[in-house]
Every structure is written in structure tokens, then in C-alpha cells.
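**Student:** For reference, the file model.csv (CSV, N, CA and C atoms) is included below:
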```csv
chain,number,residue,atom,x,y,z
A,22,MET,N,0.8,-1.2,0.0
A,22,MET,CA,0.0,0.0,0.0
A,22,MET,C,0.9,1.2,0.0
A,23,SER,N,0.7,2.1,-1.0
A,23,SER,CA,1.5,3.3,-1.1
A,23,SER,C,0.6,4.5,-0.8
A,24,ILE,N,1.2,5.5,-0.2
A,24,ILE,CA,0.5,6.7,0.1
A,24,ILE,C,1.0,7.8,-0.8
A,25,SER,N,0.0,8.5,-1.4
A,25,SER,CA,0.4,9.6,-2.3
A,25,SER,C,0.9,10.8,-1.5
A,26,LEU,N,1.6,11.7,-2.2
A,26,LEU,CA,2.1,12.9,-1.6
A,26,LEU,C,1.0,13.8,-1.0
A,27,PRO,N,-0.1,14.0,-1.7
A,27,PRO,CA,-1.1,14.9,-1.1
A,27,PRO,C,-1.7,14.2,0.2
A,28,ASP,N,-1.9,12.9,0.1
A,28,ASP,CA,-2.4,12.2,1.3
A,28,ASP,C,-1.4,12.3,2.5
A,29,ALA,N,-0.1,12.2,2.2
A,29,ALA,CA,0.9,12.3,3.2
A,29,ALA,C,0.9,13.7,3.8
A,30,LEU,N,0.8,14.7,3.0
A,30,LEU,CA,0.8,16.1,3.5
A,30,LEU,C,-0.5,16.3,4.3
A,31,SER,N,-1.6,15.7,3.9
A,31,SER,CA,-2.8,15.9,4.7
A,31,SER,C,-2.7,15.2,6.1
A,32,ILE,N,-2.0,14.1,6.1
A,32,ILE,CA,-1.8,13.4,7.4
A,32,ILE,C,-0.9,14.2,8.3
A,33,VAL,N,0.1,14.8,7.7
A,33,VAL,CA,1.1,15.6,8.5
A,33,VAL,C,0.4,16.9,9.0
A,34,PHE,N,-0.5,17.4,8.2
A,34,PHE,CA,-1.2,18.6,8.5
A,34,PHE,C,-2.2,18.4,9.7
A,35,VAL,N,-2.9,17.3,9.6
A,35,VAL,CA,-3.9,16.9,10.7
A,35,VAL,C,-3.1,16.5,11.9
A,36,ALA,N,-2.0,15.8,11.8
A,36,ALA,CA,-1.2,15.5,13.0
A,36,ALA,C,-0.6,16.7,13.6
A,37,SER,N,-0.3,17.7,12.9
A,37,SER,CA,0.3,18.9,13.5
A,37,SER,C,-0.7,19.7,14.3
A,38,ILE,N,-2.0,19.5,13.9
A,38,ILE,CA,-3.0,20.1,14.7
A,38,ILE,C,-3.2,19.4,16.0
A,39,VAL,N,-3.2,18.1,16.0
A,39,VAL,CA,-3.5,17.3,17.1
A,39,VAL,C,-2.2,17.1,18.0
A,40,VAL,N,-1.1,16.9,17.4
A,40,VAL,CA,0.1,16.6,18.2
A,40,VAL,C,1.0,17.9,18.3
A,41,GLU,N,1.4,18.1,19.5
A,41,GLU,CA,2.3,19.2,19.8
A,41,GLU,C,3.7,18.7,20.0
A,42,ILE,N,4.6,19.2,19.2
A,42,ILE,CA,6.0,18.8,19.3
A,42,ILE,C,6.7,19.7,20.3
A,43,VAL,N,7.2,19.2,21.3
A,43,VAL,CA,7.8,19.9,22.4
A,43,VAL,C,9.3,20.1,22.1
A,44,PRO,N,10.0,21.2,22.3
A,44,PRO,CA,9.4,22.5,22.7
A,44,PRO,C,8.9,23.4,21.6
A,45,ILE,N,9.0,22.8,20.3
A,45,ILE,CA,8.5,23.6,19.2
A,45,ILE,C,7.0,23.4,19.0
A,46,LYS,N,6.3,24.5,19.1
A,46,LYS,CA,4.9,24.4,19.0
A,46,LYS,C,4.5,24.7,17.5
A,47,ILE,N,3.8,23.8,16.9
A,47,ILE,CA,3.4,24.0,15.6
A,47,ILE,C,1.9,24.2,15.6
A,48,ASN,N,1.4,25.4,15.2
A,48,ASN,CA,0.0,25.7,15.2
A,48,ASN,C,-0.3,26.4,13.9
A,49,PRO,N,-0.6,25.6,12.9
A,49,PRO,CA,-0.9,26.2,11.6
A,49,PRO,C,-2.2,27.0,11.6
A,50,TRP,N,-3.1,26.7,12.4
A,50,TRP,CA,-4.4,27.5,12.5
A,50,TRP,C,-4.1,28.9,12.9
A,51,LYS,N,-3.2,29.1,13.9
A,51,LYS,CA,-2.9,30.4,14.3
A,51,LYS,C,-2.3,31.2,13.2
A,52,PHE,N,-1.4,30.6,12.5
A,52,PHE,CA,-0.8,31.3,11.3
A,52,PHE,C,-1.8,31.7,10.3
A,53,ILE,N,-2.6,30.7,9.9
A,53,ILE,CA,-3.6,30.9,8.8
A,53,ILE,C,-4.6,31.9,9.2
A,54,LEU,N,-5.1,31.8,10.5
A,54,LEU,CA,-6.1,32.8,11.0
A,54,LEU,C,-5.5,34.2,11.1
A,55,GLY,N,-4.2,34.2,11.5
A,55,GLY,CA,-3.5,35.5,11.6
A,55,GLY,C,-3.5,36.3,10.3
A,56,ILE,N,-3.2,35.5,9.2
A,56,ILE,CA,-3.1,36.1,7.9
A,56,ILE,C,-4.5,36.6,7.5
A,57,ILE,N,-5.5,35.8,7.7
A,57,ILE,CA,-6.9,36.1,7.4
A,57,ILE,C,-7.3,37.4,8.2
A,58,GLY,N,-7.0,37.4,9.5
A,58,GLY,CA,-7.4,38.5,10.3
A,58,GLY,C,-6.7,39.8,9.9
A,59,LYS,N,-5.5,39.7,9.5
A,59,LYS,CA,-4.8,41.0,9.0
A,59,LYS,C,-5.4,41.5,7.7
A,60,ALA,N,-5.8,40.5,6.9
A,60,ALA,CA,-6.4,40.9,5.6
A,60,ALA,C,-7.8,41.6,5.8
A,61,LEU,N,-8.5,41.0,6.8
A,61,LEU,CA,-9.9,41.5,7.0
A,61,LEU,C,-9.8,42.8,7.8
A,62,ASN,N,-8.8,43.0,8.6
A,62,ASN,CA,-8.8,44.2,9.5
A,62,ASN,C,-7.8,45.3,8.9
A,63,GLN,N,-7.4,45.2,7.7
A,63,GLN,CA,-6.4,46.1,7.2
A,63,GLN,C,-7.0,47.6,7.2
A,64,ASP,N,-8.2,47.7,6.7
A,64,ASP,CA,-8.8,49.1,6.7
A,64,ASP,C,-9.0,49.6,8.1
A,65,LEU,N,-9.5,48.7,9.0
A,65,LEU,CA,-9.7,49.2,10.4
A,65,LEU,C,-8.3,49.6,11.0
A,66,THR,N,-7.3,48.8,10.8
A,66,THR,CA,-6.0,49.1,11.3
A,66,THR,C,-5.5,50.5,10.8
A,67,THR,N,-5.7,50.8,9.5
A,67,THR,CA,-5.3,52.1,8.9
A,67,THR,C,-6.1,53.2,9.6
A,68,GLU,N,-7.4,53.0,9.8
A,68,GLU,CA,-8.2,54.0,10.5
A,68,GLU,C,-7.8,54.3,11.9
A,69,VAL,N,-7.5,53.2,12.6
A,69,VAL,CA,-7.0,53.3,14.0
A,69,VAL,C,-5.7,54.1,14.1
A,70,LYS,N,-4.8,53.9,13.2
A,70,LYS,CA,-3.6,54.6,13.1
A,70,LYS,C,-3.8,56.1,12.8
A,71,ALA,N,-4.7,56.4,11.9
A,71,ALA,CA,-5.1,57.8,11.6
A,71,ALA,C,-5.7,58.5,12.9
A,72,ILE,N,-6.6,57.8,13.5
A,72,ILE,CA,-7.2,58.3,14.7
A,72,ILE,C,-6.2,58.5,15.8
A,73,ARG,N,-5.3,57.6,16.0
A,73,ARG,CA,-4.2,57.8,17.0
A,73,ARG,C,-3.3,59.0,16.7
A,74,LYS,N,-3.1,59.2,15.4
A,74,LYS,CA,-2.3,60.4,15.0
A,74,LYS,C,-3.0,61.7,15.4
A,75,GLU,N,-4.3,61.7,15.1
A,75,GLU,CA,-5.2,62.9,15.4
A,75,GLU,C,-5.2,63.1,16.9
A,76,PHE,N,-5.4,62.0,17.7
A,76,PHE,CA,-5.4,62.0,19.1
A,76,PHE,C,-4.2,62.6,19.7
A,77,ASP,N,-3.0,62.2,19.2
A,77,ASP,CA,-1.7,62.7,19.7
A,77,ASP,C,-1.6,64.2,19.4
A,78,ALA,N,-2.1,64.6,18.3
A,78,ALA,CA,-2.0,66.0,17.9
A,78,ALA,C,-2.9,66.8,18.9
A,79,HIS,N,-4.1,66.3,19.1
A,79,HIS,CA,-5.1,67.0,20.0
A,79,HIS,C,-4.5,67.0,21.4
A,80,LYS,N,-3.9,65.9,21.9
A,80,LYS,CA,-3.4,65.8,23.2
A,80,LYS,C,-2.3,66.9,23.4
A,81,ALA,N,-1.4,67.1,22.4
A,81,ALA,CA,-0.4,68.1,22.5
A,81,ALA,C,-1.0,69.5,22.6
A,82,ILE,N,-2.1,69.7,21.9
A,82,ILE,CA,-2.7,71.0,22.0
A,82,ILE,C,-3.3,71.2,23.4
A,83,VAL,N,-4.0,70.2,23.9
A,83,VAL,CA,-4.6,70.3,25.3
A,83,VAL,C,-3.5,70.5,26.3
A,84,GLU,N,-2.4,69.8,26.2
A,84,GLU,CA,-1.3,70.0,27.2
A,84,GLU,C,-0.7,71.4,27.1
A,85,LYS,N,-0.6,71.9,25.9
A,85,LYS,CA,0.0,73.3,25.8
A,85,LYS,C,-1.0,74.3,26.4
A,86,ARG,N,-2.3,74.1,26.1
A,86,ARG,CA,-3.3,75.0,26.7
A,86,ARG,C,-3.3,74.9,28.2
A,87,TYR,N,-3.1,73.7,28.8
A,87,TYR,CA,-3.1,73.6,30.2
A,87,TYR,C,-1.8,74.3,30.8
A,88,ALA,N,-0.7,74.2,30.1
A,88,ALA,CA,0.5,74.9,30.6
A,88,ALA,C,0.3,76.4,30.5
A,89,ASP,N,-0.3,76.9,29.4
A,89,ASP,CA,-0.6,78.3,29.3
A,89,ASP,C,-1.6,78.8,30.4
A,90,SER,N,-2.5,77.9,30.7
A,90,SER,CA,-3.5,78.3,31.8
A,90,SER,C,-2.7,78.3,33.2
A,91,CYS,N,-1.9,77.4,33.4
A,91,CYS,CA,-1.1,77.4,34.6
A,91,CYS,C,-0.2,78.7,34.7
A,92,ARG,N,0.4,79.0,33.6
A,92,ARG,CA,1.2,80.2,33.5
A,92,ARG,C,0.4,81.4,33.8
A,93,THR,N,-0.8,81.5,33.2
A,93,THR,CA,-1.7,82.7,33.5
A,93,THR,C,-2.0,82.8,35.0
A,94,ARG,N,-2.3,81.7,35.6
A,94,ARG,CA,-2.7,81.7,37.0
A,94,ARG,C,-1.4,82.1,37.9
A,95,ILE,N,-0.3,81.6,37.5
A,95,ILE,CA,1.0,82.0,38.2
A,95,ILE,C,1.2,83.5,38.1
A,96,ILE,N,1.1,84.0,36.9
A,96,ILE,CA,1.4,85.4,36.7
A,96,ILE,C,0.3,86.3,37.5
A,97,ARG,N,-0.9,85.9,37.4
A,97,ARG,CA,-2.0,86.6,38.2
A,97,ARG,C,-1.7,86.5,39.7
A,98,SER,N,-1.3,85.4,40.2
A,98,SER,CA,-1.0,85.2,41.6
A,98,SER,C,0.2,86.1,42.0
A,99,ALA,N,1.2,86.2,41.2
A,99,ALA,CA,2.3,87.1,41.5
A,99,ALA,C,1.9,88.5,41.5
A,100,ASP,N,1.1,88.9,40.5
A,100,ASP,CA,0.6,90.3,40.5
A,100,ASP,C,-0.3,90.6,41.8
A,101,GLU,N,-1.1,89.7,42.2
A,101,GLU,CA,-1.9,89.9,43.4
A,101,GLU,C,-1.0,90.0,44.6
A,102,ALA,N,0.1,89.2,44.6
A,102,ALA,CA,1.0,89.2,45.7
A,102,ALA,C,1.7,90.6,45.8
A,103,ARG,N,2.0,91.1,44.6
A,103,ARG,CA,2.7,92.5,44.6
A,103,ARG,C,1.7,93.5,45.1
A,104,HIS,N,0.4,93.3,45.0
A,104,HIS,CA,-0.6,94.3,45.5
A,104,HIS,C,-1.0,93.9,46.9
A,105,ASP,N,-0.3,93.0,47.6
A,105,ASP,CA,-0.6,92.6,49.0
A,105,ASP,C,-2.0,92.0,49.1
A,106,ILE,N,-2.5,91.3,48.1
A,106,ILE,CA,-3.8,90.6,48.3
A,106,ILE,C,-3.5,89.3,49.0
A,107,LYS,N,-4.1,89.0,50.1
A,107,LYS,CA,-3.9,87.8,50.8
A,107,LYS,C,-4.8,86.7,50.3
A,108,HIS,N,-4.3,85.5,50.4
A,108,HIS,CA,-5.1,84.3,50.0
A,108,HIS,C,-5.0,83.2,51.0
A,109,SER,N,-5.9,82.2,50.8
A,109,SER,CA,-5.9,81.1,51.7
A,109,SER,C,-4.8,80.1,51.4
A,110,LYS,N,-4.6,79.1,52.3
A,110,LYS,CA,-3.6,78.1,52.1
A,110,LYS,C,-3.9,77.2,50.9
A,111,GLU,N,-5.2,77.0,50.7
A,111,GLU,CA,-5.7,76.2,49.5
A,111,GLU,C,-5.3,76.9,48.2
A,112,TYR,N,-5.4,78.2,48.2
A,112,TYR,CA,-5.1,79.0,47.1
A,112,TYR,C,-3.6,78.8,46.8
A,113,TRP,N,-2.8,78.9,47.8
A,113,TRP,CA,-1.3,78.8,47.6
A,113,TRP,C,-0.9,77.4,47.2
A,114,ASP,N,-1.6,76.4,47.8
A,114,ASP,CA,-1.4,75.0,47.3
A,114,ASP,C,-1.7,74.8,45.8
A,115,GLN,N,-2.7,75.5,45.4
A,115,GLN,CA,-3.1,75.4,43.9
A,115,GLN,C,-2.0,76.1,43.1
A,116,VAL,N,-1.6,77.3,43.6
A,116,VAL,CA,-0.5,78.0,42.8
A,116,VAL,C,0.8,77.2,42.7
A,117,LEU,N,1.1,76.6,43.9
A,117,LEU,CA,2.4,75.8,43.9
A,117,LEU,C,2.2,74.5,42.9
A,118,SER,N,1.0,74.0,42.9
A,118,SER,CA,0.7,72.9,42.0
A,118,SER,C,0.8,73.4,40.5
A,119,ASP,N,0.3,74.5,40.3
A,119,ASP,CA,0.4,75.1,38.9
A,119,ASP,C,1.9,75.3,38.5
A,120,ILE,N,2.7,75.8,39.5
A,120,ILE,CA,4.1,76.0,39.2
A,120,ILE,C,4.8,74.6,38.9
A,121,ASP,N,4.5,73.6,39.6
A,121,ASP,CA,5.0,72.3,39.4
A,121,ASP,C,4.6,71.8,38.0
A,122,GLU,N,3.3,71.9,37.6
A,122,GLU,CA,2.9,71.4,36.3
A,122,GLU,C,3.5,72.2,35.2
A,123,TYR,N,3.6,73.5,35.4
A,123,TYR,CA,4.1,74.4,34.4
A,123,TYR,C,5.6,74.1,34.1
A,124,GLU,N,6.4,73.9,35.2
A,124,GLU,CA,7.8,73.6,35.1
A,124,GLU,C,8.0,72.2,34.5
A,125,ARG,N,7.1,71.3,34.8
A,125,ARG,CA,7.2,69.9,34.2
A,125,ARG,C,7.0,70.0,32.7
A,126,TYR,N,6.0,70.8,32.3
A,126,TYR,CA,5.7,70.9,30.9
A,126,TYR,C,6.9,71.6,30.2
A,127,CYS,N,7.5,72.6,30.8
A,127,CYS,CA,8.6,73.3,30.2
A,127,CYS,C,9.8,72.4,30.0
A,128,ARG,N,10.1,71.5,31.0
A,128,ARG,CA,11.2,70.6,30.9
A,128,ARG,C,10.9,69.6,29.8
A,129,ALA,N,9.7,69.1,29.7
A,129,ALA,CA,9.4,68.1,28.6
A,129,ALA,C,9.3,68.7,27.2
A,130,HIS,N,9.1,70.0,27.1
A,130,HIS,CA,9.0,70.7,25.9
A,130,HIS,C,9.9,71.9,25.8
A,131,PRO,N,11.2,71.6,25.5
A,131,PRO,CA,12.2,72.7,25.5
A,131,PRO,C,11.9,73.8,24.5
A,132,ASP,N,11.1,73.6,23.5
A,132,ASP,CA,10.8,74.6,22.5
A,132,ASP,C,9.7,75.5,22.9
A,133,TYR,N,9.1,75.2,24.1
A,133,TYR,CA,8.0,76.0,24.6
A,133,TYR,C,8.6,77.3,25.2
A,134,LYS,N,8.0,78.4,24.9
A,134,LYS,CA,8.5,79.7,25.4
A,134,LYS,C,8.1,79.9,26.9
A,135,ASN,N,9.1,79.5,27.7
A,135,ASN,CA,8.8,79.5,29.2
A,135,ASN,C,9.4,80.6,29.9
A,136,HIS,N,10.0,81.6,29.3
A,136,HIS,CA,10.6,82.7,30.0
A,136,HIS,C,9.6,83.7,30.4
A,137,LYS,N,8.3,83.5,30.1
A,137,LYS,CA,7.3,84.5,30.5
A,137,LYS,C,6.9,84.5,31.9
A,138,ALA,N,7.2,83.5,32.7
A,138,ALA,CA,6.7,83.4,34.1
A,138,ALA,C,7.9,83.3,35.1
A,139,VAL,N,9.1,83.5,34.6
A,139,VAL,CA,10.3,83.2,35.5
A,139,VAL,C,10.2,84.2,36.7
A,140,ASN,N,10.0,85.5,36.5
A,140,ASN,CA,10.0,86.4,37.6
A,140,ASN,C,8.8,86.2,38.5
A,141,ALA,N,7.6,85.8,37.9
A,141,ALA,CA,6.4,85.6,38.7
A,141,ALA,C,6.7,84.4,39.6
A,142,ILE,N,7.3,83.3,39.1
A,142,ILE,CA,7.5,82.1,39.9
A,142,ILE,C,8.5,82.5,41.0
A,143,GLU,N,9.5,83.2,40.7
A,143,GLU,CA,10.5,83.7,41.7
A,143,GLU,C,9.8,84.5,42.8
A,144,LYS,N,9.0,85.4,42.4
A,144,LYS,CA,8.2,86.2,43.4
A,144,LYS,C,7.4,85.3,44.3
A,145,ILE,N,6.6,84.4,43.7
A,145,ILE,CA,5.7,83.5,44.5
A,145,ILE,C,6.6,82.7,45.4
A,146,MET,N,7.6,82.1,45.0
A,146,MET,CA,8.5,81.2,45.8
A,146,MET,C,9.1,82.0,46.9
A,147,ASP,N,9.6,83.2,46.7
A,147,ASP,CA,10.2,84.0,47.7
A,147,ASP,C,9.1,84.3,48.8
A,148,LEU,N,7.9,84.7,48.3
A,148,LEU,CA,6.9,85.0,49.3
A,148,LEU,C,6.4,83.8,50.1
A,149,TYR,N,6.4,82.7,49.4
A,149,TYR,CA,5.9,81.4,50.1
A,149,TYR,C,7.0,81.0,51.1
A,150,ARG,N,8.3,81.1,50.8
A,150,ARG,CA,9.3,80.8,51.7
A,150,ARG,C,9.3,81.7,52.9
A,151,SER,N,9.0,83.0,52.7
A,151,SER,CA,9.0,83.9,53.8
A,151,SER,C,7.8,83.8,54.7
A,152,GLU,N,6.8,83.0,54.3
A,152,GLU,CA,5.6,82.8,55.0
A,152,GLU,C,4.9,84.0,55.3
A,153,ASP,N,5.1,85.0,54.4
A,153,ASP,CA,4.4,86.3,54.6
A,153,ASP,C,3.0,86.2,54.0
A,154,TRP,N,2.6,85.1,53.4
A,154,TRP,CA,1.3,85.0,52.8
A,154,TRP,C,0.3,84.5,53.8
A,155,ILE,N,0.7,84.1,55.0
A,155,ILE,CA,-0.2,83.6,56.0
A,155,ILE,C,-1.1,84.7,56.5
```
Write out the structure in this file as C-alpha cells.

**Tutor:**
Amino acid sequence: MSISLPDALSIVFVASIVVEIVPIKINPWKFILGIIGKALNQDLTTEVKAIRKEFDAHKAIVEKRYADSCRTRIIRSADEARHDIKHSKEYWDQVLSDIDEYERYCRAHPDYKNHKAVNAIEKIMDLYRSEDWI
């Protein structure tokens, strides 16, 4: 009894599904389904990549606006301090948090124009250290 080549390949294929060779795992279904999945999801993958790119651009804009907002509050706080306007501890905690966030953003984005609040931050930190804000 002789076995033809197509029959032999069929037996090997079926055996590879049932029998696992250790430590080499042969799983033709995973390979075949992976190719089919990539073909079916190619358009979806392209759209997801485009959405991710738009998201990253939007995220950068939001982060910049947040840094701008922190800077605005820092400068306003320094101006109020120069006019001897007193504030609560919670207000100062928020201002210090704004300074931390603003400086973190400036470190992460060296091209960001961060020289606009240097004197304001210095004024706030000097006042805070002196505890004259209490």
C-alpha cells in the first residue's frame, strides 16, 4: 500500500493540529487565521492609526493650553502678591501645583516659550518661603 504525496501532507497537517512537538509548537491554524485576520482588518488598522495620530496632535494642544493656563494663574498670583492681596492656604497650594505642572511641561517641551513666568515664579516662591502669605 503506497500513500500519495497529497495524502501524506494531509496526514502531517492533521497530525500537526493534534500533536504538539515539544518545545517547538506548531500551530498552523494560528498562522492561517492571523493572515486572514490581518487581511480582514487592514482598513480598520489604517483608520485606528489615523485616529491615533489625530489624538496625539489633540493631546499636544490640550497639554499646551493647560501649561498656558497654569502660567496665566501663576502670573496673576504674582501680581496679586505684589498688590498685597492675601489668599488662603488652599489658594497657595493650587498656585504651587500650577508651578510644578508648568515647570514639568517646560522641561518636557524645551521649544515652549517658558521665559514669560520666570519672575512671577520667583516672586511667588520668595513670598511662600518667607511665610508672609499667611

**Student:** When distances are computed from only N, CA and C atoms, which of A:Gln115, A:Asp64, A:Asp147, A:Ala88 shows the smallest separation from Cys127 of chain A?

**Tutor:**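 Smallest separation from Cys127 of chain A among the options: A:Ala88.
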
**Student:** What does the distance between atom C of Asn135 of chain A and atom N of Tyr112 of chain A come to in Å, to one decimal place?

**Tutor:**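 One can read the atom C of Asn135 of chain A to atom N of Tyr112 of chain A distance as 23.7 Å.
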
**Student:** Separation of atom CA of Ile142 of chain A and atom N of Glu101 of chain A, in Å?

**Tutor:**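 Atom N of Glu101 of chain A lies at a distance of 11.7 Å from atom CA of Ile142 of chain A.
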
**Student:** Between atom CA of Arg97 of chain A and atom C of His79 of chain A, measure the distance and give it in Å to one decimal.

**Tutor:**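 Computed distance, atom CA of Arg97 of chain A to atom C of His79 of chain A, equals 25.9 Å.
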
**Student:** I'd like to know which of A:His130, A:His108, A:Lys51, A:His136 is closest to Ala81 of chain A, using only C-alpha atoms.

**Tutor:**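 Looking only at the distances to Ala81 of chain A, the closest residue turns out to be A:His130.
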